[in-house]
>>> print(open('start_1.cif').read())   # mmCIF, C-alpha atoms
data_upload
#
loop_
_atom_site.label_atom_id
_atom_site.label_comp_id
_atom_site.auth_asym_id
_atom_site.auth_seq_id
_atom_site.Cartn_x
_atom_site.Cartn_y
_atom_site.Cartn_z
CA MET A 155 0.00 0.00 0.00
CA LYS A 156 1.20 3.51 -0.79
CA THR A 157 2.12 5.87 2.04
CA ASN A 158 -0.81 8.09 1.24
CA GLU A 159 -3.26 5.24 1.44
CA LEU A 160 -1.91 4.21 4.84
CA LYS A 161 -2.23 7.79 6.04
CA ILE A 162 -5.83 7.89 4.80
CA TRP A 163 -6.69 4.68 6.68
CA GLU A 164 -5.15 6.20 9.82
CA LYS A 165 -7.07 9.43 9.38
CA LEU A 166 -10.33 7.57 8.78
CA GLN A 167 -10.09 6.40 12.39
CA ASP A 168 -11.17 9.95 13.29
CA VAL A 169 -14.44 9.53 11.40
CA LYS A 170 -16.94 8.11 13.86
CA ASP A 171 -20.41 6.67 13.71
CA PRO A 172 -22.44 9.77 14.68
CA GLU A 173 -24.58 7.71 17.05
CA ILE A 174 -21.69 5.76 18.63
CA PRO A 175 -18.87 8.31 19.01
CA LYS A 176 -16.26 5.74 20.08
CA LEU A 177 -16.69 3.62 16.97
CA SER A 178 -14.81 4.62 13.82
CA VAL A 179 -16.11 3.89 10.33
CA VAL A 180 -13.03 1.70 9.77
CA GLU A 181 -13.77 -0.55 12.76
CA LEU A 182 -17.46 -0.61 11.84
CA GLY A 183 -16.39 -2.14 8.54
CA VAL A 184 -18.16 0.27 6.19
CA ILE A 185 -15.03 1.47 4.38
CA THR A 186 -14.63 -0.90 1.46
CA GLY A 187 -11.80 0.72 -0.48
CA VAL A 188 -9.08 3.36 -0.30
CA LYS A 189 -7.07 4.23 -3.41
CA THR A 190 -4.86 7.08 -4.53
CA ASP A 191 -3.49 7.85 -7.98
CA GLU A 192 -0.32 9.56 -9.30
CA ASP A 193 -2.00 12.95 -9.20
CA ASN A 194 -2.68 12.58 -5.48
CA ASN A 195 -6.41 12.12 -5.86
CA ALA A 196 -8.10 9.93 -3.27
CA PHE A 197 -10.94 7.53 -4.01
CA ILE A 198 -12.81 6.17 -1.02
CA THR A 199 -15.61 3.65 -1.32
CA MET A 200 -18.02 2.86 1.46
CA THR A 201 -21.22 0.89 1.97
CA PRO A 202 -24.13 1.46 4.38
CA THR A 203 -24.96 -0.85 7.30
CA PHE A 204 -28.61 -0.65 6.21
CA ALA A 205 -29.90 0.68 2.87
CA GLY A 206 -31.96 3.35 4.63
CA CYS A 207 -29.24 4.45 7.06
CA PRO A 208 -29.68 8.22 7.50
CA ALA A 209 -26.12 8.59 8.86
CA ILE A 210 -24.45 7.71 5.57
CA GLU A 211 -24.48 11.25 4.13
CA TYR A 212 -23.15 12.61 7.40
CA MET A 213 -20.32 10.07 7.43
CA LYS A 214 -19.56 10.80 3.78
CA ASP A 215 -19.20 14.52 4.50
CA ASP A 216 -17.19 13.83 7.64
CA ILE A 217 -14.73 11.70 5.64
CA LYS A 218 -14.11 14.58 3.23
CA ASP A 219 -13.78 16.96 6.14
CA LYS A 220 -11.30 14.84 8.11
CA LEU A 221 -9.22 13.96 5.04
CA SER A 222 -8.97 17.59 3.98
CA GLY A 223 -6.10 17.94 6.49
CA LEU A 224 -3.97 15.56 4.39
CA ASP A 225 -2.02 16.65 1.36
CA LEU A 226 -4.50 15.42 -1.23
CA ASN A 227 -5.67 16.91 -4.48
CA ASN A 228 -9.26 15.72 -4.71
CA ILE A 229 -11.22 13.45 -2.38
CA ASP A 230 -13.92 11.34 -3.96
CA VAL A 231 -16.23 9.34 -1.66
CA GLU A 232 -18.58 6.88 -3.33
CA VAL A 233 -21.31 4.92 -1.58
CA ASN A 234 -22.05 1.64 -3.33
CA TYR A 235 -23.07 -1.97 -2.78
CA ASP A 236 -20.14 -3.69 -4.50
CA VAL A 237 -19.35 -5.15 -1.11
CA GLN A 238 -22.46 -5.63 1.01
CA TRP A 239 -21.97 -4.86 4.68
CA ASN A 240 -22.77 -7.45 7.29
CA SER A 241 -22.17 -7.46 11.03
CA ASN A 242 -19.32 -10.01 10.70
CA MET A 243 -17.34 -7.14 9.14
CA ILE A 244 -17.06 -5.26 12.46
CA THR A 245 -13.42 -5.65 13.57
CA GLU A 246 -12.30 -7.06 16.93
CA LYS A 247 -11.37 -3.55 18.00
CA GLY A 248 -14.77 -2.35 16.82
CA LYS A 249 -16.44 -4.93 19.04
CA GLU A 250 -14.49 -3.64 22.05
CA MET A 251 -15.64 -0.13 21.20
CA LEU A 252 -19.27 -1.30 21.01
CA LEU A 253 -19.01 -3.03 24.39
CA GLU A 254 -17.45 0.09 25.91
CA SER A 255 -20.37 2.07 24.50
CA GLY A 256 -22.86 -0.23 26.26
CA PHE A 257 -23.96 -2.33 23.28
CA ALA A 258 -24.31 -6.08 23.21
CA LEU A 259 -22.49 -7.62 20.27
CA PRO A 260 -24.02 -9.21 17.18
CA GLY A 261 -23.39 -12.95 17.15
CA LYS A 262 -21.32 -14.35 14.28
CA HIS A 263 -23.40 -15.92 11.54
CA ASN A 264 -22.84 -17.68 8.26
CA GLY A 265 -24.97 -15.50 6.02
CA LEU A 266 -28.53 -15.70 7.21
CA VAL A 267 -29.59 -14.63 10.69
CA GLN A 268 -31.89 -16.98 12.60
CA ILE A 269 -34.03 -15.94 15.56
CA GLU A 270 -31.86 -18.05 17.91
CA LEU A 271 -28.99 -15.66 17.31
CA LEU A 272 -31.06 -12.94 18.96
CA GLN A 273 -31.95 -14.91 22.06
CA ASN A 274 -30.00 -15.04 25.35
CA VAL A 275 -27.66 -12.36 24.14
CA GLU A 276 -24.95 -11.52 26.68
CA CYS A 277 -25.77 -8.44 28.74
CA PRO A 278 -23.10 -5.75 28.18
CA PHE A 279 -23.45 -4.59 31.82
CA CYS A 280 -23.30 -7.80 33.90
CA GLN A 281 -22.37 -10.43 31.27
CA SER A 282 -25.36 -12.58 32.18
CA LYS A 283 -26.99 -14.60 29.43
CA ASN A 284 -30.27 -14.70 31.30
CA THR A 285 -31.74 -12.09 28.98
CA THR A 286 -34.93 -11.69 26.94
CA LEU A 287 -35.32 -10.26 23.45
CA GLN A 288 -37.78 -7.37 23.68
CA SER A 289 -37.86 -6.12 20.12
CA THR A 290 -35.87 -6.84 16.98
CA PHE A 291 -36.43 -3.19 16.06
CA GLY A 292 -34.79 -0.47 18.12
CA PRO A 293 -34.06 3.26 18.08
CA THR A 294 -32.09 2.91 14.85
CA GLN A 295 -32.23 0.30 12.09
CA CYS A 296 -29.07 -1.42 13.34
CA ARG A 297 -30.15 -2.01 16.94
CA ALA A 298 -32.39 -4.48 18.78
CA ILE A 299 -33.70 -4.15 22.35
CA HIS A 300 -33.19 -6.74 25.10
CA TYR A 301 -33.83 -6.98 28.83
CA CYS A 302 -31.47 -8.49 31.38
CA ASN A 303 -33.25 -10.65 33.96
CA ASN A 304 -30.13 -10.65 36.14
CA CYS A 305 -29.34 -6.95 36.52
CA PHE A 306 -32.83 -5.73 35.56
CA GLN A 307 -31.70 -3.34 32.87
CA SER A 308 -32.75 -2.86 29.28
CA PHE A 309 -29.90 -2.86 26.84
CA GLU A 310 -29.38 -2.49 23.11
CA GLN A 311 -27.66 -4.89 20.80
CA PHE A 312 -25.96 -4.07 17.55
CA LYS A 313 -28.04 -6.34 15.33
CA PRO A 314 -26.59 -9.36 13.57
CA VAL A 315 -27.35 -8.88 9.88
CA MET B 158 -21.07 1.92 -15.22
CA LYS B 159 -19.76 0.19 -18.29
CA GLU B 160 -22.09 -2.81 -18.13
CA PHE B 161 -25.07 -0.56 -18.89
CA ASN B 162 -23.60 0.54 -22.19
CA GLU B 163 -23.68 -3.02 -23.39
CA LEU B 164 -27.38 -3.44 -22.72
CA ASN B 165 -29.54 -3.48 -25.77
CA ASP B 166 -32.70 -1.41 -25.85
CA LYS B 167 -35.24 -4.15 -25.31
CA LYS B 168 -33.34 -5.56 -22.39
CA THR B 169 -32.92 -2.09 -20.87
CA THR B 170 -36.66 -1.45 -21.13
CA ALA B 171 -37.39 -4.76 -19.42
CA ILE B 172 -34.92 -4.03 -16.61
CA LYS B 173 -36.31 -0.54 -16.10
CA ASP B 174 -39.85 -1.89 -15.88
CA LEU B 175 -38.74 -4.44 -13.28
CA LEU B 176 -36.85 -1.84 -11.24
CA TYR B 177 -39.81 0.55 -11.27
CA ARG B 178 -42.10 -2.20 -10.03
CA LEU B 179 -39.74 -3.03 -7.17
CA ALA B 180 -38.94 0.57 -6.27
CA ASP B 181 -42.55 1.80 -6.37
CA ASP B 182 -43.73 -1.05 -4.14
CA GLN B 183 -41.05 -0.16 -1.59
CA LEU B 184 -41.74 3.57 -1.74
CA ILE B 185 -45.49 3.28 -1.34
CA LEU B 186 -45.53 0.57 1.32
CA GLY B 187 -42.70 2.35 3.11
CA HIS B 188 -44.82 5.45 3.25
CA ARG B 189 -47.87 3.51 4.41
CA ASN B 190 -45.83 1.81 7.17
CA SER B 191 -44.59 5.20 8.34
CA GLU B 192 -48.20 6.21 9.00
CA TRP B 193 -48.02 3.96 12.07
CA THR B 194 -45.36 6.18 13.64
CA GLY B 195 -46.88 7.46 16.86
CA LEU B 196 -50.01 5.32 16.44
CA GLY B 197 -48.84 1.74 16.95
CA PRO B 198 -51.00 -0.36 19.27
CA ILE B 199 -47.96 -0.90 21.51
CA LEU B 200 -44.65 0.95 21.58
CA GLU B 201 -42.66 -1.95 20.09
CA GLU B 202 -45.01 -2.12 17.10
CA ASP B 203 -44.83 1.61 16.61
CA ILE B 204 -41.03 1.26 16.44
CA ALA B 205 -41.19 -1.87 14.27
CA PHE B 206 -43.38 -0.31 11.59
CA SER B 207 -41.36 2.90 11.65
CA SER B 208 -38.13 0.97 11.30
CA MET B 209 -39.47 -1.17 8.47
CA ALA B 210 -40.69 2.01 6.79
CA GLN B 211 -37.16 3.36 6.94
CA ASP B 212 -35.77 0.13 5.45
CA LYS B 213 -38.28 0.26 2.60
CA LEU B 214 -37.62 3.90 1.78
CA GLY B 215 -33.88 3.19 1.84
CA GLN B 216 -34.38 0.24 -0.50
CA SER B 217 -36.54 2.27 -2.85
CA GLN B 218 -33.87 4.95 -2.92
CA ALA B 219 -31.20 2.40 -3.89
CA LEU B 220 -33.47 1.07 -6.65
CA TYR B 221 -34.26 4.56 -8.00
CA GLN B 222 -30.53 5.27 -7.89
CA LEU B 223 -29.96 2.20 -10.03
CA LEU B 224 -32.59 3.44 -12.47
CA HIS B 225 -30.79 6.76 -12.57
CA GLN B 226 -27.55 4.96 -13.45
CA ILE B 227 -29.20 3.36 -16.46
CA GLY B 228 -30.53 6.59 -17.84
CA GLU B 229 -33.58 7.66 -15.85
CA ASP B 230 -33.86 11.00 -14.07
CA ASP B 231 -32.43 11.50 -10.57
CA PRO B 232 -34.00 9.47 -7.72
CA ASP B 233 -36.09 12.28 -6.18
CA THR B 234 -37.49 13.33 -9.53
CA ILE B 235 -38.59 9.86 -10.57
CA ALA B 236 -39.88 9.01 -7.11
CA PHE B 237 -42.04 12.08 -6.75
CA THR B 238 -42.86 13.73 -10.07
CA ARG B 239 -44.29 10.98 -12.24
CA LYS B 240 -47.98 10.89 -13.09
CA VAL B 241 -50.06 8.40 -11.13
CA ASN B 242 -50.47 6.10 -14.12
CA GLU B 243 -46.70 5.93 -14.48
CA TYR B 244 -46.30 4.22 -11.11
CA LYS B 245 -45.93 0.44 -11.29
CA CYS B 246 -46.77 -0.57 -7.72
CA CYS B 247 -49.26 -3.34 -6.96
CA HIS B 248 -52.65 -2.57 -5.39
CA LEU B 249 -51.79 -4.24 -2.08
CA VAL B 250 -49.33 -1.51 -1.09
CA GLU B 251 -51.70 1.31 -2.00
CA TYR B 252 -54.46 0.60 0.49
CA PRO B 253 -54.73 2.82 3.58
CA ILE B 254 -53.29 1.32 6.77
CA GLY B 255 -56.77 0.43 8.07
CA GLU B 256 -56.76 -1.32 11.40
CA TYR B 257 -53.60 -2.89 12.76
CA ASN B 258 -54.64 -6.41 11.69
CA PHE B 259 -54.89 -5.27 8.06
CA SER B 260 -51.46 -3.61 8.11
CA LEU B 261 -49.93 -6.64 9.80
CA MET B 262 -51.39 -9.12 7.30
CA ARG B 263 -50.32 -6.94 4.39
CA HIS B 264 -46.82 -6.72 5.87
CA PHE B 265 -46.69 -10.52 6.23
CA LEU B 266 -47.95 -11.35 2.72
CA PHE B 267 -45.89 -8.67 1.01
CA ASP B 268 -42.60 -9.12 2.87
CA MET B 269 -42.68 -12.89 2.46
CA SER B 270 -42.79 -12.29 -1.30
CA GLU B 271 -39.99 -9.72 -1.10
CA ALA B 272 -37.77 -12.02 0.94
CA ILE B 273 -38.06 -14.71 -1.74
CA ARG B 274 -37.78 -12.20 -4.58
CA PHE B 275 -34.58 -10.58 -3.36
CA ASN B 276 -33.10 -13.88 -2.31
CA MET B 277 -33.50 -15.12 -5.89
CA LEU B 278 -32.49 -11.79 -7.44
CA GLY B 279 -29.19 -12.21 -5.58
CA SER B 280 -28.16 -14.39 -8.51
CA SER B 281 -29.53 -12.09 -11.25
CA SER B 282 -27.39 -11.75 -14.37
CA PHE B 283 -27.88 -8.00 -13.99
CA GLU B 284 -25.08 -7.60 -11.49
CA PRO B 285 -25.93 -4.23 -9.90
CA LEU B 286 -29.37 -5.59 -9.03
CA ALA B 287 -27.84 -8.81 -7.68
CA LYS B 288 -25.61 -6.77 -5.38
CA ILE B 289 -28.34 -4.67 -3.79
CA SER B 290 -30.62 -7.71 -3.57
CA LYS B 291 -28.01 -9.48 -1.44
CA LYS B 292 -28.05 -6.47 0.84
CA PHE B 293 -31.84 -6.26 1.08
CA LYS B 294 -32.11 -9.97 1.86
CA GLY B 295 -30.54 -9.53 5.30
CA GLU B 296 -32.80 -6.59 6.13
CA LEU B 297 -35.92 -8.44 5.02
CA LYS B 298 -35.11 -11.35 7.31
CA TYR B 299 -36.03 -9.08 10.23
CA HIS B 300 -39.29 -8.10 8.56
CA THR B 301 -40.41 -11.68 7.99
CA MET B 302 -39.35 -12.78 11.49
CA HIS B 303 -41.49 -9.97 12.88
CA ALA B 304 -44.48 -10.75 10.66
CA VAL B 305 -44.45 -14.51 11.28
CA THR B 306 -44.25 -14.04 15.06
CA TRP B 307 -47.28 -11.75 15.13
CA ILE B 308 -49.43 -13.70 12.68
CA ASN B 309 -48.87 -16.73 14.87
CA GLN B 310 -49.64 -14.88 18.10
CA LEU B 311 -52.82 -13.28 16.83
CA GLY B 312 -54.02 -16.47 15.15
CA HIS B 313 -53.78 -18.17 18.53
CA GLY B 314 -54.92 -15.10 20.44
CA SER B 315 -57.93 -14.77 22.71
CA GLY B 316 -61.16 -12.83 22.15
CA ASN B 317 -61.77 -11.56 18.65
CA SER B 318 -58.16 -11.58 17.45
CA PRO B 319 -58.34 -14.86 15.42
CA ALA B 320 -61.51 -13.65 13.67
CA LYS B 321 -59.96 -10.26 12.91
CA ILE B 322 -56.74 -11.69 11.52
CA GLN B 323 -58.75 -14.16 9.42
CA ALA B 324 -60.84 -11.28 8.03
CA SER B 325 -57.64 -9.45 7.10
CA LEU B 326 -56.30 -12.52 5.35
CA ASP B 327 -59.50 -12.82 3.31
CA GLU B 328 -59.37 -9.13 2.42
CA CYS B 329 -55.65 -9.06 1.59
CA PHE B 330 -55.39 -12.26 -0.40
CA PRO B 331 -56.74 -11.08 -3.79
CA LEU B 332 -54.63 -7.94 -3.40
CA ALA B 333 -51.56 -10.00 -2.54
CA LEU B 334 -52.02 -12.14 -5.65
CA GLY B 335 -51.73 -8.85 -7.56
CA ILE B 336 -48.08 -8.66 -6.48
CA PHE B 337 -47.43 -11.36 -9.09
CA GLU B 338 -49.18 -9.70 -12.01
CA PRO B 339 -46.97 -10.61 -14.97
CA SER B 340 -45.25 -7.73 -16.69
CA GLY B 341 -45.04 -7.42 -20.44
CA TYR B 342 -41.38 -8.46 -20.21
CA GLU B 343 -41.47 -11.83 -18.46
CA ASP B 344 -39.94 -13.72 -21.40
CA ILE B 345 -36.95 -11.48 -21.82
CA LEU B 346 -36.34 -11.23 -18.06
CA ILE B 347 -36.42 -14.99 -17.70
CA GLY B 348 -34.52 -15.65 -20.94
CA GLU B 349 -31.74 -13.26 -19.99
CA LYS B 350 -31.63 -14.69 -16.45
CA ILE B 351 -32.36 -11.27 -14.99
CA PHE B 352 -35.42 -12.41 -13.06
CA PHE B 353 -37.03 -15.82 -12.83
CA GLY B 354 -40.53 -14.43 -13.39
CA GLU B 355 -43.65 -13.64 -11.38
CA LYS B 356 -45.21 -17.06 -11.92
CA GLU B 357 -42.36 -18.88 -10.24
CA LEU B 358 -42.26 -16.30 -7.48
CA GLN B 359 -45.95 -16.78 -6.75
CA GLU B 360 -45.50 -20.56 -6.48
CA LYS B 361 -42.60 -20.19 -4.07
CA TRP B 362 -44.53 -17.60 -2.10
CA LEU B 363 -47.53 -19.90 -1.67
CA GLU B 364 -45.20 -22.66 -0.48
CA ALA B 365 -43.83 -20.26 2.12
CA VAL B 366 -46.97 -18.50 3.39
CA ILE B 367 -49.44 -21.40 3.56
CA PRO B 368 -47.62 -23.36 6.32
CA VAL B 369 -47.33 -20.19 8.44
CA LEU B 370 -51.04 -19.41 8.02
CA LYS B 371 -52.00 -23.00 8.81
CA ASN B 372 -49.79 -22.94 11.92
CA ALA B 373 -51.65 -19.85 13.00
CA ASN B 374 -54.95 -21.76 12.70
CA LEU B 375 -56.11 -19.67 9.77
CA LYS B 376 -58.31 -20.89 6.95
CA ILE B 377 -56.54 -20.66 3.61
CA PRO B 378 -58.60 -18.76 1.01
CA ASP B 379 -59.75 -20.80 -1.98
CA ILE B 380 -57.01 -19.65 -4.35
CA LYS B 381 -58.53 -21.09 -7.53
CA ASN B 382 -61.72 -19.06 -7.11
CA ILE B 383 -60.09 -15.76 -6.25
CA LYS B 384 -59.66 -13.04 -8.80
CA ALA B 385 -56.23 -11.46 -8.38
CA SER B 386 -56.23 -7.69 -8.16
CA TYR B 387 -54.29 -6.90 -11.33
CA GLY B 388 -53.64 -3.55 -12.99
CA GLY B 389 -51.03 -1.91 -10.78
CA ARG B 390 -48.07 -3.13 -12.83
CA LYS B 391 -49.63 -1.50 -15.89
CA GLY B 392 -50.36 1.81 -14.20
CA ILE B 393 -54.03 1.19 -13.41
CA HIS B 394 -54.36 1.92 -9.72
CA THR B 395 -56.85 1.96 -6.87
CA GLU B 396 -58.50 5.20 -5.78
CA TYR B 397 -56.04 5.34 -2.85
CA LEU B 398 -52.82 5.98 -4.75
CA LYS B 399 -53.41 9.48 -6.06
CA PRO B 400 -54.33 11.07 -2.70
CA LEU B 401 -51.26 9.40 -1.19
CA ILE B 402 -48.88 10.73 -3.84
CA ASP B 403 -50.49 14.16 -3.56
CA GLU B 404 -49.85 14.09 0.17
CA MET B 405 -46.26 12.87 -0.24
CA THR B 406 -45.47 15.68 -2.68
CA GLU B 407 -47.56 18.45 -1.14
CA VAL B 408 -44.65 20.46 0.24
CA TYR B 409 -42.40 19.80 -2.75
CA LYS B 410 -45.06 21.15 -5.11
CA ILE B 411 -45.31 24.47 -3.26
CA ASP B 412 -41.88 25.37 -4.62
CA THR B 413 -40.28 22.83 -6.92
CA LYS B 414 -37.10 24.89 -7.23
CA ALA B 415 -36.49 25.19 -3.50
CA GLU B 416 -33.10 24.02 -2.20
CA TRP B 417 -33.34 21.81 0.88
#
>>> encode(input="start_1.cif", output="structure tokens")
Amino acid sequence: MKTNELKIWEKLQDVKDPEIPKLSVVELGVITGVKTDEDNNAFITMTPTFAGCPAIEYMKDDIKDKLSGLDLNNIDVEVNYDVQWNSNMITEKGKEMLLESGFALPGKHNGLVQIELLQNVECPFCQSKNTTLQSTFGPTQCRAIHYCNNCFQSFEQFKPV
Amino acid sequence: MKEFNELNDKKTTAIKDLLYRLADDQLILGHRNSEWTGLGPILEEDIAFSSMAQDKLGQSQALYQLLHQIGEDDPDTIAFTRKVNEYKCCHLVEYPIGEYNFSLMRHFLFDMSEAIRFNMLGSSSFEPLAKISKKFKGELKYHTMHAVTWINQLGHGSGNSPAKIQASLDECFPLALGIFEPSGYEDILIGEKIFFGEKELQEKWLEAVIPVLKNANLKIPDIKNIKASYGGRKGIHTEYLKPLIDEMTEVYKIDTKAEW
């Protein structure tokens, strides 16, 4: 990888999910390509977690904003579905960031999510698995709501998809 | 995208017709689902319908974007400025939300068809459509899980809930069969391996919905003696579509040049 591309990847760590300020777009797994050419133009490709994700435009603008500090000629950010995001694409570091932010993790799956994967999810507060799925739909498209029968708290899970 | 340049005219027309059918269904049902925001019978259902509305609008946007890439106007323009008879949605999605049991049954019958449709479109020879279909498949899984759970609960519910959900099934079924109204391009879509056709989809859909309905103790409508509600795919719509589109575009029409 060229120096510039490495620098871009580093800088992209400063672009966060607007709803989960600890989690960068890189660790979330939505950056699908970083390229530069001889004329110092940057081409970034990204893909949404959900097709209707309202944060995508914000993240796109934020990428341009954060990268403007680097010595680049033009910054092109394209949103496409060449690679389709799924929750297995969240990095190990990203999972730590989610836990720190109070989210239960999406279970690993092999392509298609079954209801079992949403049951007895580990509570991010007390680590109990004595939990109940409350709703597969939460405050945003990518979150489900659970209740912990051990520490009596509701918690959100980043949905397996 | 270079692959579009290689499409011949007839094939392009067939693909556009297919994409409009898919996109218009998502746009209209997405809007209908959003009408439950703030009105759901319980908070979780309010959130569920709102969330599914957001998914559907997002999916319609991706489909309109694809249409734009193969030569149509930009997504907002084609979504909101066509004449009513240029929309290709099926009648099922046009109906008002009615009571919760109607909206729930519609959601079940429609999303079961979408789940199968996008699963199969994942292997479409038209690659950009295959890619977004793979994405939608995962989102739709949540919609069908939700629908199946509730159909089952209400079918086995107490009081008047089984009778109400049965009445919704009887009302929705002819409309749901209209989802599979063949387009004028079935042969080319099937021949070019773009889409396997509405007939096959309907068969697979029946195989999927009937066991769920039976499990929920519901009586299956007599399919052979039901007249499917056709017309939507050809631009002939119910009385409910025009007022809905007028409402959706009310603000936009005040000042079409406004910058948002």
>>> closest_residue(input="start_1.cif", among="B:Arg189, B:Lys294, B:His248, B:Lys168", to="chain A", atoms="only C-alpha atoms")
B:Lys294
>>> residues_around(input="start_1.cif", residues="Lys313 in chain A", least_positions_apart="5", cutoff="12 Å", atoms="all atoms listed in the file", output="VMD selection string")
(chain A and resid 203 to 204 240 to 242 244 252 257 to 263 267 to 269 271 to 273 275 287 289 to 300) or (chain B and resid 295 to 296 298 to 299)
>>> interface_residues(input="start_1.cif", of="chain B", to="chain A", cutoff="10 Å", atoms="all atoms listed in the file", output="PyMOL selection string")
chain B and resi 200-219+284-300+302-303
>>> resolve_selection(input="start_1.cif", expression="the PyMOL selection byres ((chain B and resi 389) around 12)", output="PyMOL selection string")
chain B and resi 177-179+181-182+241-251+332-340+385-388+390-398
>>> closest_residue(input="start_1.cif", among="B:Gln359, B:Gln323, B:Thr170, B:Gln310", to="Ile377 in chain B", atoms="only C-alpha atoms")
B:Gln323
>>> resolve_selection(input="start_1.cif", expression="the PyMOL selection byres ((chain B and resi 401) around 9)", output="list of chain:residue names")
B:Ile185, B:His188, B:Arg189, B:Glu251, B:Pro253, B:Tyr397, B:Leu398, B:Lys399, B:Pro400, B:Ile402, B:Asp403, B:Glu404, B:Met405, B:Thr406
>>> build_atoms(input="start_1.cif", residues="range 289-300 of chain B", atoms="N, CA and C atoms", output="short mmCIF file (atom, residue, chain, number, x, y, z; two decimals), in the coordinates of the input")
data_model
loop_
_atom_site.label_atom_id
_atom_site.label_comp_id
_atom_site.auth_asym_id
_atom_site.auth_seq_id
_atom_site.Cartn_x
_atom_site.Cartn_y
_atom_site.Cartn_z
N ILE B 289 -27.45 -5.29 -4.80
CA ILE B 289 -28.34 -4.67 -3.79
C ILE B 289 -29.33 -5.69 -3.24
N SER B 290 -29.69 -6.69 -4.06
CA SER B 290 -30.62 -7.71 -3.57
C SER B 290 -30.00 -8.49 -2.42
N LYS B 291 -28.70 -8.76 -2.53
CA LYS B 291 -28.01 -9.48 -1.44
C LYS B 291 -28.06 -8.66 -0.16
N LYS B 292 -27.98 -7.36 -0.33
CA LYS B 292 -28.05 -6.47 0.84
C LYS B 292 -29.45 -6.49 1.44
N PHE B 293 -30.46 -6.35 0.59
CA PHE B 293 -31.84 -6.26 1.08
C PHE B 293 -32.27 -7.56 1.79
N LYS B 294 -31.73 -8.66 1.32
CA LYS B 294 -32.11 -9.97 1.86
C LYS B 294 -31.96 -10.01 3.39
N GLY B 295 -30.81 -9.52 3.87
CA GLY B 295 -30.54 -9.53 5.30
C GLY B 295 -31.50 -8.64 6.07
N GLU B 296 -31.87 -7.51 5.48
CA GLU B 296 -32.80 -6.59 6.13
C GLU B 296 -34.19 -7.20 6.20
N LEU B 297 -34.58 -7.86 5.09
CA LEU B 297 -35.92 -8.44 5.02
C LEU B 297 -36.12 -9.59 5.99
N LYS B 298 -35.02 -10.24 6.36
CA LYS B 298 -35.11 -11.35 7.31
C LYS B 298 -35.78 -10.86 8.61
N TYR B 299 -35.43 -9.64 9.01
CA TYR B 299 -36.03 -9.08 10.23
C TYR B 299 -37.52 -8.78 10.04
N HIS B 300 -37.88 -8.40 8.83
CA HIS B 300 -39.29 -8.10 8.56
C HIS B 300 -40.12 -9.38 8.61
#
